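This is coords34.pdb. It holds PDB, C-alpha atoms and all ligand atoms.
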ATOM      1  CA  MET I 620      96.142  36.304  35.609
ATOM      2  CA  LYS I 621      94.394  38.780  37.895
ATOM      3  CA  ILE I 622      93.679  41.230  35.017
ATOM      4  CA  ASP I 623      92.447  38.355  32.880
ATOM      5  CA  SER I 624      90.106  37.139  35.508
ATOM      6  CA  ASN I 625      88.880  40.708  36.080
ATOM      7  CA  GLY I 626      88.325  41.084  32.326
ATOM      8  CA  ASN I 627      86.397  37.832  32.204
ATOM      9  CA  LEU I 628      84.284  39.013  35.059
ATOM     10  CA  ILE I 629      83.429  42.288  33.283
ATOM     11  CA  LEU I 630      82.720  40.456  30.031
ATOM     12  CA  GLY I 631      80.595  37.894  31.837
ATOM     13  CA  THR I 632      78.592  40.553  33.649
ATOM     14  CA  THR I 633      78.069  42.484  30.415
ATOM     15  CA  VAL I 634      76.757  39.398  28.624
ATOM     16  CA  ILE I 635      74.362  38.646  31.464
ATOM     17  CA  LEU I 636      73.220  42.272  31.538
ATOM     18  CA  ILE I 637      72.637  42.417  27.772
ATOM     19  CA  THR I 638      70.796  39.097  27.813
ATOM     20  CA  THR I 639      68.605  40.316  30.653
ATOM     21  CA  LEU I 640      67.832  43.581  28.852
ATOM     22  CA  PHE I 641      67.085  41.623  25.701
ATOM     23  CA  LEU I 642      64.721  39.329  27.574
ATOM     24  CA  ILE I 643      63.021  42.302  29.223
ATOM     25  CA  ALA I 644      62.624  43.945  25.815
ATOM     26  CA  ILE I 645      61.033  40.791  24.385
ATOM     27  CA  PHE I 646      58.737  40.521  27.372
ATOM     28  CA  VAL I 647      57.656  44.180  27.140
ATOM     29  CA  PHE I 648      57.048  43.862  23.420
ATOM     30  CA  ALA I 649      55.054  40.673  23.833
ATOM     31  CA  ALA I 650      53.065  42.119  26.703
ATOM     32  CA  SER I 651      52.204  45.339  24.875
ATOM     33  CA  ASN I 652      51.199  43.330  21.847
ATOM     34  CA  TYR I 653      49.030  41.134  24.002
ATOM     35  CA  ILE I 654      47.351  44.157  25.619
ATOM     36  CA  ALA I 655      46.697  45.646  22.183
ATOM     37  CA  ASN I 656      45.021  42.410  21.072
ATOM     38  CA  GLU I 657      42.977  42.354  24.220
ATOM     39  CA  ASN I 658      41.738  45.852  23.419
ATOM     40  CA  ILE I 659      40.726  44.910  19.927
ATOM     41  CA  ASP I 660      38.779  41.941  21.309
ATOM     42  CA  SER I 661      37.004  43.946  23.974
ATOM     43  CA  ASN I 662      36.173  46.708  21.500
ATOM     44  CA  GLU I 663      34.686  44.047  19.285
ATOM     45  CA  ASN I 664      32.776  42.680  22.275
ATOM     46  CA  ASP I 665      31.508  46.138  23.231
ATOM     47  CA  ASN I 666      30.314  46.668  19.723
ATOM     48  CA  PHE I 667      28.640  43.267  19.664
ATOM     49  CA  LYS I 668      27.094  43.867  23.060
ATOM     50  CA  TYR I 669      25.790  47.233  21.877
ATOM     51  CA  ILE I 670      24.130  45.619  18.860
ATOM     52  CA  VAL I 671      22.492  42.856  20.894
ATOM     53  CA  ASP I 672      21.360  45.343  23.581
ATOM     54  CA  ASP I 673      19.857  47.527  20.882
ATOM     55  CA  TYR I 674      17.977  44.507  19.565
ATOM     56  CA  GLU I 675      16.763  43.573  23.039
ATOM     57  CA  ASN I 676      15.422  47.064  23.676
ATOM     58  CA  ASN I 677      13.426  46.752  20.492
ATOM     59  CA  LEU I 678      11.925  43.540  21.802
ATOM     60  CA  GLU I 679      10.082  45.359  24.565
ATOM     61  CA  ILE I 680       8.577  47.878  22.139
ATOM     62  CA  LEU I 681       7.677  45.195  19.598
ATOM     63  CA  GLY I 682       6.178  42.997  22.330
ATOM     64  CA  ARG I 683       3.949  45.862  23.381
ATOM     65  CA  GLU I 684       2.922  46.493  19.760
ATOM     66  CA  SER I 685       2.124  42.786  19.387
ATOM     67  CA  LEU I 686      -0.263  42.979  22.365
ATOM     68  CA  TYR I 687      -1.811  46.144  20.950
ATOM     69  CA  ASP I 688      -2.324  44.537  17.533
ATOM     70  CA  ALA I 689      -4.035  41.501  19.087
ATOM     71  CA  GLY I 690      -6.400  43.873  20.931
ATOM     72  CA  GLU I 691      -7.124  45.802  17.740
ATOM     73  CA  LYS I 692      -8.011  42.533  15.992
ATOM     74  CA  VAL I 693     -10.637  41.913  18.673
ATOM     75  CA  TYR I 694     -11.974  45.463  18.261
ATOM     76  CA  ASN I 695     -12.141  44.761  14.521
ATOM     77  CA  THR I 696     -14.543  41.835  15.070
ATOM     78  CA  PHE I 697     -11.960  39.010  14.856
ATOM     79  CA  LYS I 698     -12.441  36.232  17.361
ATOM     80  CA  LEU I 699      -9.206  35.055  18.972
ATOM     81  CA  PHE I 700      -9.208  31.431  20.120
ATOM     82  CA  ASP I 701      -5.553  31.392  21.085
ATOM     83  CA  SER I 702      -4.342  34.832  22.093
ATOM     84  CA  LYS I 703      -0.782  33.654  22.855
ATOM     85  CA  ASP I 704      -0.487  32.202  19.384
ATOM     86  CA  GLN I 705      -1.790  35.421  17.821
ATOM     87  CA  ILE I 706       0.636  37.555  19.853
ATOM     88  CA  THR I 707       3.533  35.231  18.950
ATOM     89  CA  LYS I 708       2.674  35.555  15.253
ATOM     90  CA  ASN I 709       2.437  39.339  15.557
ATOM     91  CA  LEU I 710       5.840  39.478  17.221
ATOM     92  CA  GLU I 711       7.505  37.134  14.718
ATOM     93  CA  LYS I 712       6.287  39.316  11.875
ATOM     94  CA  LYS I 713       7.673  42.454  13.510
ATOM     95  CA  LEU I 714      10.977  40.750  14.334
ATOM     96  CA  LYS I 715      11.404  39.673  10.735
ATOM     97  CA  ALA I 716      11.485  43.304   9.663
ATOM     98  CA  LYS I 717      13.868  44.095  12.532
ATOM     99  CA  ASN I 718      16.240  41.281  11.487
ATOM    100  CA  GLU I 719      16.514  42.685   7.987
ATOM    101  CA  GLU I 720      17.231  46.122   9.400
ATOM    102  CA  PHE I 721      19.992  44.749  11.645
ATOM    103  CA  GLU I 722      21.562  42.708   8.888
ATOM    104  CA  GLU I 723      21.784  45.792   6.723
ATOM    105  CA  LYS I 724      22.946  48.119   9.506
ATOM    106  CA  TYR I 725      25.429  45.910  11.395
ATOM    107  CA  ASP I 726      26.072  42.943   9.120
ATOM    108  CA  ILE I 727      24.755  40.650  11.835
ATOM    109  CA  LYS I 728      22.300  37.792  11.344
ATOM    110  CA  ILE I 729      19.741  37.401  14.104
ATOM    111  CA  SER I 730      17.129  34.689  13.864
ATOM    112  CA  PRO I 731      14.846  34.882  16.883
ATOM    113  CA  GLU I 732      12.479  32.209  18.145
ATOM    114  CA  VAL I 733       9.588  33.372  20.290
ATOM    115  CA  LEU I 734       9.656  30.712  23.023
ATOM    116  CA  SER I 735       6.655  31.867  25.036
ATOM    117  CA  VAL I 736       4.146  34.588  25.886
ATOM    118  CA  GLU I 737       3.057  34.167  29.499
ATOM    119  CA  ASN I 738       1.332  35.683  32.480
ATOM    120  CA  THR I 739       3.452  36.877  35.366
ATOM    121  CA  ASN I 740       2.572  37.185  39.044
ATOM    122  CA  SER I 741       1.452  40.731  38.231
ATOM    123  CA  PRO I 742      -1.663  40.986  36.032
ATOM    124  CA  TRP I 743      -0.279  44.247  34.582
ATOM    125  CA  LYS I 744       2.695  42.540  32.923
ATOM    126  CA  ILE I 745       3.085  39.895  30.233
ATOM    127  CA  LEU I 746       6.367  38.006  29.987
ATOM    128  CA  PHE I 747       7.957  37.431  26.580
ATOM    129  CA  LYS I 748      10.716  34.825  26.229
ATOM    130  CA  VAL I 749      12.706  34.983  23.019
ATOM    131  CA  LYS I 750      15.754  32.987  21.951
ATOM    132  CA  LEU I 751      18.131  34.996  19.787
ATOM    133  CA  ASN I 752      20.329  33.000  17.427
ATOM    134  CA  ILE I 753      23.082  35.382  16.404
ATOM    135  CA  GLU I 754      25.600  34.986  13.612
ATOM    136  CA  LYS I 755      28.425  37.460  13.025
ATOM    137  CA  ASP I 756      31.698  36.932  11.136
ATOM    138  CA  ASN I 757      31.115  33.173  11.050
ATOM    139  CA  ASN I 758      30.700  33.055  14.817
ATOM    140  CA  ARG I 759      27.448  31.773  16.245
ATOM    141  CA  TYR I 760      25.945  32.653  19.604
ATOM    142  CA  PHE I 761      22.583  32.345  21.221
ATOM    143  CA  ARG I 762      20.991  34.198  24.047
ATOM    144  CA  ILE I 763      17.627  33.843  25.777
ATOM    145  CA  VAL I 764      15.994  37.169  26.484
ATOM    146  CA  GLU I 765      13.091  37.762  28.868
ATOM    147  CA  LYS I 766      11.080  40.965  28.757
ATOM    148  CA  ASN I 767       8.152  42.062  30.892
ATOM    149  CA  VAL I 768       5.724  44.113  28.865
ATOM    150  CA  SER I 769       3.015  46.272  30.445
ATOM    151  CA  VAL I 770      -0.643  46.050  29.443
ATOM    152  CA  GLU I 771      -1.471  49.401  31.046
ATOM    153  CA  GLY I 772      -2.898  51.871  28.565
ATOM    154  CA  LEU I 773      -4.142  49.136  26.216
ATOM    155  CA  LYS I 774      -7.866  48.775  25.507
ATOM    156  CA  ASP I 775      -9.727  46.228  27.613
ATOM    157  CA  PRO I 776     -10.692  43.645  24.976
ATOM    158  CA  LEU I 777     -13.216  41.758  27.138
ATOM    159  CA  PRO I 778     -16.453  43.714  26.504
ATOM    160  CA  VAL I 779     -16.027  43.490  22.733
ATOM    161  CA  ALA I 780     -14.659  39.930  22.735
ATOM    162  CA  LYS I 781     -17.594  38.851  24.883
ATOM    163  CA  LEU I 782     -20.460  40.703  23.209
ATOM    164  CA  SER I 783     -18.991  41.490  19.751
ATOM    165  CA  VAL I 784     -18.792  44.908  18.122
ATOM    166  CA  ALA I 785     -22.120  44.264  16.409
ATOM    167  CA  SER I 786     -23.841  44.261  19.819
ATOM    168  CA  GLY I 787     -24.039  48.050  19.703
ATOM    169  CA  VAL I 788     -21.363  48.750  22.323
ATOM    170  CA  PHE I 789     -20.013  52.212  21.542
ATOM    171  CA  LYS I 790     -17.132  54.461  22.567
ATOM    172  CA  GLN I 791     -18.054  57.378  24.790
ATOM    173  CA  GLY I 792     -14.997  59.469  25.626
ATOM    174  CA  ASP I 793     -12.556  57.115  27.325
ATOM    175  CA  LYS I 794     -15.390  54.749  28.301
ATOM    176  CA  LEU I 795     -17.436  52.139  26.514
ATOM    177  CA  ASN I 796     -21.201  52.418  26.674
ATOM    178  CA  TYR I 797     -22.948  49.038  26.571
ATOM    179  CA  LYS I 798     -26.162  50.540  25.130
ATOM    180  CA  ASN I 799     -28.610  47.599  25.294
ATOM    181  CA  ALA I 800     -25.995  44.852  24.789
ATOM    182  CA  LEU I 801     -25.711  43.841  28.452
ATOM    183  CA  THR I 802     -29.480  43.984  28.903
ATOM    184  CA  ARG I 803     -29.952  41.568  26.016
ATOM    185  CA  TYR I 804     -27.166  39.369  27.374
ATOM    186  CA  MET I 805     -28.910  39.245  30.765
ATOM    187  CA  VAL I 806     -32.382  38.604  29.316
ATOM    188  CA  LEU I 807     -30.982  35.602  27.425
ATOM    189  CA  ARG I 808     -29.583  34.212  30.678
ATOM    190  CA  HIS I 809     -32.679  35.009  32.788
ATOM    191  CA  LEU I 810     -30.730  37.252  35.157
ATOM    192  CA  ASP I 811     -32.474  39.647  37.552
ATOM    193  CA  SER I 812     -33.386  43.184  36.499
ATOM    194  CA  PRO I 813     -31.667  43.293  33.096
ATOM    195  CA  MET I 814     -32.975  46.839  32.543
ATOM    196  CA  SER I 815     -30.682  48.041  35.344
ATOM    197  CA  TYR I 816     -27.745  47.562  32.975
ATOM    198  CA  LEU I 817     -29.216  49.589  30.117
ATOM    199  CA  PHE I 818     -26.569  52.137  29.011
ATOM    200  CA  ALA I 819     -24.119  50.938  31.665
ATOM    201  CA  THR I 820     -20.537  52.123  31.117
ATOM    202  CA  THR I 821     -17.100  50.623  31.590
ATOM    203  CA  PRO I 822     -13.589  52.091  31.304
ATOM    204  CA  MET I 823     -12.026  51.385  27.915
ATOM    205  CA  TYR I 824      -8.318  51.634  28.747
ATOM    206  CA  ILE I 825      -6.551  49.473  31.317
ATOM    207  CA  LYS I 826      -5.316  51.670  34.166
ATOM    208  CA  LYS I 827      -4.035  50.376  37.469
ATOM    209  CA  CYS I 828      -5.916  51.808  40.451
ATOM    210  CA  PRO I 829      -3.530  53.731  42.719
ATOM    211  CA  TYR I 830      -5.884  53.505  45.726
ATOM    212  CA  ASP I 831      -4.099  50.508  47.197
ATOM    213  CA  PRO I 832      -4.949  48.872  49.621
ATOM    214  CA  TYR I 833      -8.376  48.814  48.023
ATOM    215  CA  ILE I 834     -10.184  49.119  51.339
ATOM    216  CA  HIS I 835      -9.553  52.890  50.978
ATOM    217  CA  HIS I 836     -12.295  53.091  48.353
ATOM    218  CA  GLY I 837     -14.579  53.710  51.329
ATOM    219  CA  ASP I 838     -12.698  56.933  52.194
ATOM    220  CA  PRO I 839     -14.379  60.209  51.171
ATOM    221  CA  GLY I 840     -14.117  60.926  47.436
ATOM    222  CA  VAL I 841     -12.021  57.858  46.564
ATOM    223  CA  LEU I 842     -14.672  55.726  44.845
ATOM    224  CA  LYS I 843     -15.942  58.752  42.931
ATOM    225  CA  ASP I 844     -12.442  59.482  41.632
ATOM    226  CA  CYS I 845     -11.756  55.786  40.879
ATOM    227  CA  LEU I 846     -14.930  55.604  38.759
ATOM    228  CA  LYS I 847     -14.229  58.907  37.046
ATOM    229  CA  LYS I 848     -10.699  57.863  36.080
ATOM    230  CA  GLY I 849     -11.822  54.329  35.187
ATOM    231  CA  TYR I 850      -9.328  52.317  37.210
ATOM    232  CA  PHE I 851      -8.885  48.531  37.119
ATOM    233  CA  HIS I 852      -8.164  46.391  40.189
ATOM    234  CA  GLU I 853      -6.198  43.221  40.804
ATOM    235  CA  SER I 854      -8.421  40.211  41.344
ATOM    236  CA  ALA I 855      -7.935  36.472  41.621
ATOM    237  CA  ASP I 856     -11.454  35.967  40.186
ATOM    238  CA  GLY I 857     -11.129  38.460  37.345
ATOM    239  CA  SER I 858      -9.604  37.325  34.066
ATOM    240  CA  CYS I 859      -6.119  38.157  32.853
ATOM    241  CA  TYR I 860      -5.316  40.181  29.745
ATOM    242  CA  LEU I 861      -4.530  37.110  27.619
ATOM    243  CA  CYS I 862      -7.856  35.458  28.492
ATOM    244  CA  ARG I 863      -9.759  38.743  28.017
ATOM    245  CA  LEU I 864      -8.550  38.717  24.416
ATOM    246  CA  GLU I 865     -10.290  35.343  24.037
ATOM    247  CA  GLY I 866     -13.518  36.645  25.568
ATOM    248  CA  LYS I 867     -13.206  34.761  28.852
ATOM    249  CA  GLY I 868     -14.903  36.480  31.787
ATOM    250  CA  THR I 869     -12.882  34.486  34.276
ATOM    251  CA  CYS I 870      -9.771  32.293  34.181
ATOM    252  CA  PRO I 871      -7.402  30.357  36.437
ATOM    253  CA  HIS I 872      -4.708  33.084  36.245
ATOM    254  CA  TYR I 873      -4.338  36.049  38.539
ATOM    255  CA  GLY I 874      -6.145  38.864  36.708
ATOM    256  CA  PHE I 875      -8.028  42.093  37.189
ATOM    257  CA  GLU I 876     -11.582  43.325  37.526
ATOM    258  CA  VAL I 877     -13.334  46.546  36.707
ATOM    259  CA  PHE I 878     -16.657  48.022  37.849
ATOM    260  CA  ILE I 879     -19.387  48.189  35.249
ATOM    261  CA  GLN I 880     -21.171  51.353  36.289
ATOM    262  CA  THR I 881     -24.932  51.445  35.925
ATOM    263  CA  HIS I 882     -26.904  54.653  35.424
ATOM    264  CA  THR I 883     -30.412  53.701  36.399
ATOM    265  CA  PRO I 884     -33.213  54.941  38.642
ATOM    266  CA  LEU I 885     -34.266  51.288  39.163
ATOM    267  CA  THR I 886     -33.526  49.960  42.645
ATOM    268  CA  ASN I 887     -34.146  46.230  42.101
ATOM    269  CA  ASP I 888     -31.471  43.721  43.027
ATOM    270  CA  SER I 889     -29.484  42.766  39.973
ATOM    271  CA  ILE I 890     -26.146  41.076  39.345
ATOM    272  CA  SER I 891     -23.104  42.552  41.065
ATOM    273  CA  CYS I 892     -21.194  44.944  38.800
ATOM    274  CA  SER I 893     -17.645  43.591  38.911
ATOM    275  CA  ASP I 894     -17.030  42.518  35.321
ATOM    276  CA  HIS I 895     -16.205  38.889  36.172
ATOM    277  CA  VAL I 896     -19.584  38.654  37.940
ATOM    278  CA  VAL I 897     -21.461  40.246  35.045
ATOM    279  CA  PHE I 898     -19.747  38.039  32.451
ATOM    280  CA  ASN I 899     -19.342  34.836  34.358
ATOM    281  CA  ASP I 900     -20.319  34.382  37.984
ATOM    282  CA  HIS I 901     -23.748  36.087  37.875
ATOM    283  CA  TYR I 902     -24.323  36.502  41.618
ATOM    284  CA  PRO I 903     -26.588  39.231  42.966
ATOM    285  CA  GLY I 904     -25.767  42.653  44.332
ATOM    286  CA  GLN I 905     -27.610  45.743  45.503
ATOM    287  CA  LYS I 906     -27.148  49.433  44.862
ATOM    288  CA  ILE I 907     -24.814  51.028  47.398
ATOM    289  CA  ASN I 908     -26.977  54.158  47.379
ATOM    290  CA  LYS I 909     -30.571  53.679  46.214
ATOM    291  CA  HIS I 910     -31.048  57.403  45.550
ATOM    292  CA  ASP I 911     -28.012  57.752  43.298
ATOM    293  CA  ILE I 912     -28.655  56.767  39.680
ATOM    294  CA  ASP I 913     -24.878  56.289  39.150
ATOM    295  CA  SER I 914     -24.461  54.030  42.187
ATOM    296  CA  LEU I 915     -22.620  50.736  41.816
ATOM    297  CA  ILE I 916     -24.547  47.503  42.262
ATOM    298  CA  LEU I 917     -22.336  45.448  44.538
ATOM    299  CA  ASP I 918     -22.379  42.218  46.551
ATOM    300  CA  SER I 919     -21.152  41.980  50.122
ATOM    301  CA  SER I 920     -17.751  40.391  49.437
ATOM    302  CA  HIS I 921     -16.814  43.127  46.946
ATOM    303  CA  ARG I 922     -18.095  45.766  49.387
ATOM    304  CA  LYS I 923     -15.739  44.288  51.940
ATOM    305  CA  LYS I 924     -12.782  44.218  49.522
ATOM    306  CA  TYR I 925     -13.239  47.899  48.661
ATOM    307  CA  GLY I 926     -14.343  49.105  52.097
ATOM    308  CA  LEU I 927     -17.792  50.114  50.846
ATOM    309  CA  GLY I 928     -20.525  49.677  53.419
ATOM    310  CA  ASP I 929     -24.238  50.207  52.919
ATOM    311  CA  GLU I 930     -24.839  53.919  52.819
ATOM    312  CA  ASP I 931     -28.518  53.446  52.814
ATOM    313  CA  GLY I 932     -29.321  49.962  54.034
TER
HETATM  314 ZN    ZN B   1     -10.068  51.885  42.382
HETATM  315 ZN    ZN B   2      -6.120  34.023  32.103
END
In structure tokens, write the structure found in this file.
Ligand SMILES: [Zn+2]
Ligand SMILES: [Zn+2]
Amino acid sequence: MKIDSNGNLILGTTVILITTLFLIAIFVFAASNYIANENIDSNENDNFKYIVDDYENNLEILGRESLYDAGEKVYNTFKLFDSKDQITKNLEKKLKAKNEEFEEKYDIKISPEVLSVENTNSPWKILFKVKLNIEKDNNRYFRIVEKNVSVEGLKDPLPVAKLSVASGVFKQGDKLNYKNALTRYMVLRHLDSPMSYLFATTPMYIKKCPYDPYIHHGDPGVLKDCLKKGYFHESADGSCYLCRLEGKGTCPHYGFEVFIQTHTPLTNDSISCSDHVVFNDHYPGQKINKHDIDSLILDSSHRKKYGLGDEDG
């Protein structure tokens, strides 16, 4: 009886032990299988993420090219009535080529919708919003992508959009020379001393002025360097890049302004030389230095903004 019960005990323990080991084995197998599946999924996700990231990076470059192309259209005598629409069309065309490339390369279908092209709170950046509809292996996703694209380094479209290429405006190094185009513009509008703006120059490429706060333009050598480099300045009154493309000298958006530099021995009062004043607001200014033929013609509120007093009264 005792041996029997001992034997039963051993047998019982063995069965429990084997069952436990068996269960552990099943669990380990299942778990390792599960982990392997997880890995496959996350590899797939990484790959997918890589493809979509690659596409998104292209968006920034293509957005920039779309701005550039709109500007070139203006420089090629086209008149843009809706710059956002033009930029959207440019981008859609470029994305179409990109979609074909991605379909071939990754077997992924991307159909993007350009949702908007907008100003931001910085006049140097344009915001692109694009919805990506993505289809891969019968799975569908969508993602909304936002990209800020810089306008720095692009040509300022305003002078040409405003006066047209036929006006005689010509390229002089990295500046534009207005020849007699501004003078004629001012004569037509009965503005003071139109001859002061004969052969006036303006920077051609949008560059953000590093002398910030702007009041430092009154410090020795700063204004001279700013004019030489052809810097642009933030301004609530100046027009934004998108409105410049449409030839608007001023707009409700936060924009920028640039000095139109005169080169004249005349010392008459004329209009102040900030471009939104020349093209829109038309209020008077005086030469900062009457004896300097390259002196800016500036009104008192702009003198204040840039820290430029009267050198010569
Ligand atoms: Zn400056
Ligand atoms: Zn605007």
Using only C-alpha atoms: which of I:Thr869, I:Thr802, I:Asn908, I:Thr820 has the shortest distance to I:Thr881:
I:Thr820
Please identify every polymer residue within 9 Å of ligand ZN 1 (chain B), using only C-alpha atoms and all ligand atoms, and present the set as a list in words.
Lys827, Cys828, Pro829, Tyr830, Asp831, Tyr833, His835, His836, Val841, Leu842, Asp844, Cys845, Leu846, Lys848, Gly849, Tyr850, Phe851, His852, Val877, Phe878 and Tyr925 of chain I
Resolved residues for the PyMOL selection byres (((chain I and resi 699-714) around 10) and not hetatm) as a VMD selection string
chain I and resid 674 677 to 678 681 to 690 692 to 693 696 to 698 715 to 720 729 to 737 747 780 860 to 866
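Each residue with an atom within 7 Å of any atom of ligand ZN 2 (chain B) appears in the list, which was built counting all atoms listed in the file: Ser858, Cys859, Tyr860, Leu861, Cys862, Cys870, Pro871, His872, Tyr873 and Gly874 of chain I.
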Axis-aligned box for stretch 733-746 of chain I, 6 Å per side, centre and edges in Å as JSON:
{"center_x": 4.0, "center_y": 37.5, "center_z": 29.7, "size_x": 23.3, "size_y": 25.5, "size_z": 30.8}
As a check of understanding, name the residues that the PyMOL selection byres (((chain I and resi 727) around 9) and not hetatm) selects in the supplied structure, as a count of residues only.
14
What's around I:Lys909 at 12 Å? Count only C-alpha atoms, leave out sequence neighbours fewer than 3 positions away in its own chain, and write the answer as a PyMOL selection string.
chain I and resi 881-888+905-906+912-917+929-932
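Between atom CA of I:Pro832 and atom CA of I:Lys781 lies a distance of 29.5 Å.
Of the residues under consideration (I:Pro822, I:Gly772, I:Pro813, I:Gly857), I:Pro822 shows the shortest atom-to-atom contact distance to I:Gly792 when counting all atoms listed in the file.
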I:Asn799 environment, 12 Å, all atoms listed in the file, sequence neighbours closer than 5 positions dropped, as a ChimeraX atom specification
/I:782,785-789,804-806,813-820,881
As an exercise, work out the distance from atom CA of I:His901 to atom CA of I:Asp838 in Å and give it to one decimal place.
27.6 Å
Which value, in Å to one decimal, gives the distance between atom CA of I:Arg922 and atom CA of I:Cys892?
11.1 Å
Evaluate the PyMOL selection byres (((chain I and resi 771) around 10) and not hetatm) on the structure here and hand back the selected residues as a ChimeraX atom specification.
/I:742-744,768-770,772-775,824-827,851
Could you rebuild stretch 885-907 of chain I with N, CA and C atoms and give it back as an mmCIF file, in the frame of the given file?
data_model
loop_
_atom_site.group_PDB
_atom_site.id
_atom_site.type_symbol
_atom_site.label_atom_id
_atom_site.label_comp_id
_atom_site.auth_asym_id
_atom_site.auth_seq_id
_atom_site.Cartn_x
_atom_site.Cartn_y
_atom_site.Cartn_z
ATOM 1 N N LEU I 885 -33.711 52.527 38.595
ATOM 2 C CA LEU I 885 -34.266 51.288 39.163
ATOM 3 C C LEU I 885 -33.493 50.887 40.420
ATOM 4 N N THR I 886 -34.204 50.323 41.395
ATOM 5 C CA THR I 886 -33.526 49.960 42.645
ATOM 6 C C THR I 886 -33.629 48.460 42.934
ATOM 7 N N ASN I 887 -34.046 47.688 41.907
ATOM 8 C CA ASN I 887 -34.146 46.230 42.101
ATOM 9 C C ASN I 887 -32.763 45.625 42.299
ATOM 10 N N ASP I 888 -32.724 44.486 42.983
ATOM 11 C CA ASP I 888 -31.471 43.721 43.027
ATOM 12 C C ASP I 888 -31.155 43.265 41.607
ATOM 13 N N SER I 889 -29.893 43.284 41.283
ATOM 14 C CA SER I 889 -29.484 42.766 39.973
ATOM 15 C C SER I 889 -28.178 42.016 40.191
ATOM 16 N N ILE I 890 -27.436 41.736 39.115
ATOM 17 C CA ILE I 890 -26.146 41.076 39.345
ATOM 18 C C ILE I 890 -25.119 42.126 39.777
ATOM 19 N N SER I 891 -24.162 41.677 40.564
ATOM 20 C CA SER I 891 -23.104 42.552 41.065
ATOM 21 C C SER I 891 -22.258 43.035 39.875
ATOM 22 N N CYS I 892 -21.718 44.266 39.988
ATOM 23 C CA CYS I 892 -21.194 44.944 38.800
ATOM 24 C C CYS I 892 -19.708 44.724 38.500
ATOM 25 N N SER I 893 -19.025 43.899 39.296
ATOM 26 C CA SER I 893 -17.645 43.591 38.911
ATOM 27 C C SER I 893 -17.715 42.807 37.603
ATOM 28 N N ASP I 894 -16.826 43.095 36.667
ATOM 29 C CA ASP I 894 -17.030 42.518 35.321
ATOM 30 C C ASP I 894 -16.974 40.990 35.286
ATOM 31 N N HIS I 895 -16.214 40.363 36.202
ATOM 32 C CA HIS I 895 -16.205 38.889 36.172
ATOM 33 C C HIS I 895 -17.534 38.323 36.664
ATOM 34 N N VAL I 896 -18.259 39.103 37.494
ATOM 35 C CA VAL I 896 -19.584 38.654 37.940
ATOM 36 C C VAL I 896 -20.591 38.829 36.807
ATOM 37 N N VAL I 897 -20.536 39.970 36.146
ATOM 38 C CA VAL I 897 -21.461 40.246 35.045
ATOM 39 C C VAL I 897 -21.266 39.216 33.921
ATOM 40 N N PHE I 898 -20.003 38.906 33.610
ATOM 41 C CA PHE I 898 -19.747 38.039 32.451
ATOM 42 C C PHE I 898 -19.615 36.569 32.799
ATOM 43 N N ASN I 899 -19.553 36.243 34.052
ATOM 44 C CA ASN I 899 -19.342 34.836 34.358
ATOM 45 C C ASN I 899 -20.096 34.329 35.590
ATOM 46 N N ASP I 900 -19.855 34.984 36.729
ATOM 47 C CA ASP I 900 -20.319 34.382 37.984
ATOM 48 C C ASP I 900 -21.785 34.654 38.307
ATOM 49 N N HIS I 901 -22.311 35.798 37.806
ATOM 50 C CA HIS I 901 -23.748 36.087 37.875
ATOM 51 C C HIS I 901 -24.358 36.053 39.256
ATOM 52 N N TYR I 902 -23.646 36.473 40.307
ATOM 53 C CA TYR I 902 -24.323 36.502 41.618
ATOM 54 C C TYR I 902 -24.871 37.898 41.914
ATOM 55 N N PRO I 903 -25.860 37.969 42.810
ATOM 56 C CA PRO I 903 -26.588 39.231 42.966
ATOM 57 C C PRO I 903 -25.855 40.294 43.789
ATOM 58 N N GLY I 904 -26.255 41.524 43.547
ATOM 59 C CA GLY I 904 -25.767 42.653 44.332
ATOM 60 C C GLY I 904 -26.873 43.688 44.461
ATOM 61 N N GLN I 905 -26.630 44.671 45.309
ATOM 62 C CA GLN I 905 -27.610 45.743 45.503
ATOM 63 C C GLN I 905 -26.921 47.087 45.314
ATOM 64 N N LYS I 906 -27.704 48.086 44.980
ATOM 65 C CA LYS I 906 -27.148 49.433 44.862
ATOM 66 C C LYS I 906 -26.555 49.873 46.197
ATOM 67 N N ILE I 907 -25.410 50.505 46.166
ATOM 68 C CA ILE I 907 -24.814 51.028 47.398
ATOM 69 C C ILE I 907 -25.673 52.179 47.921
#
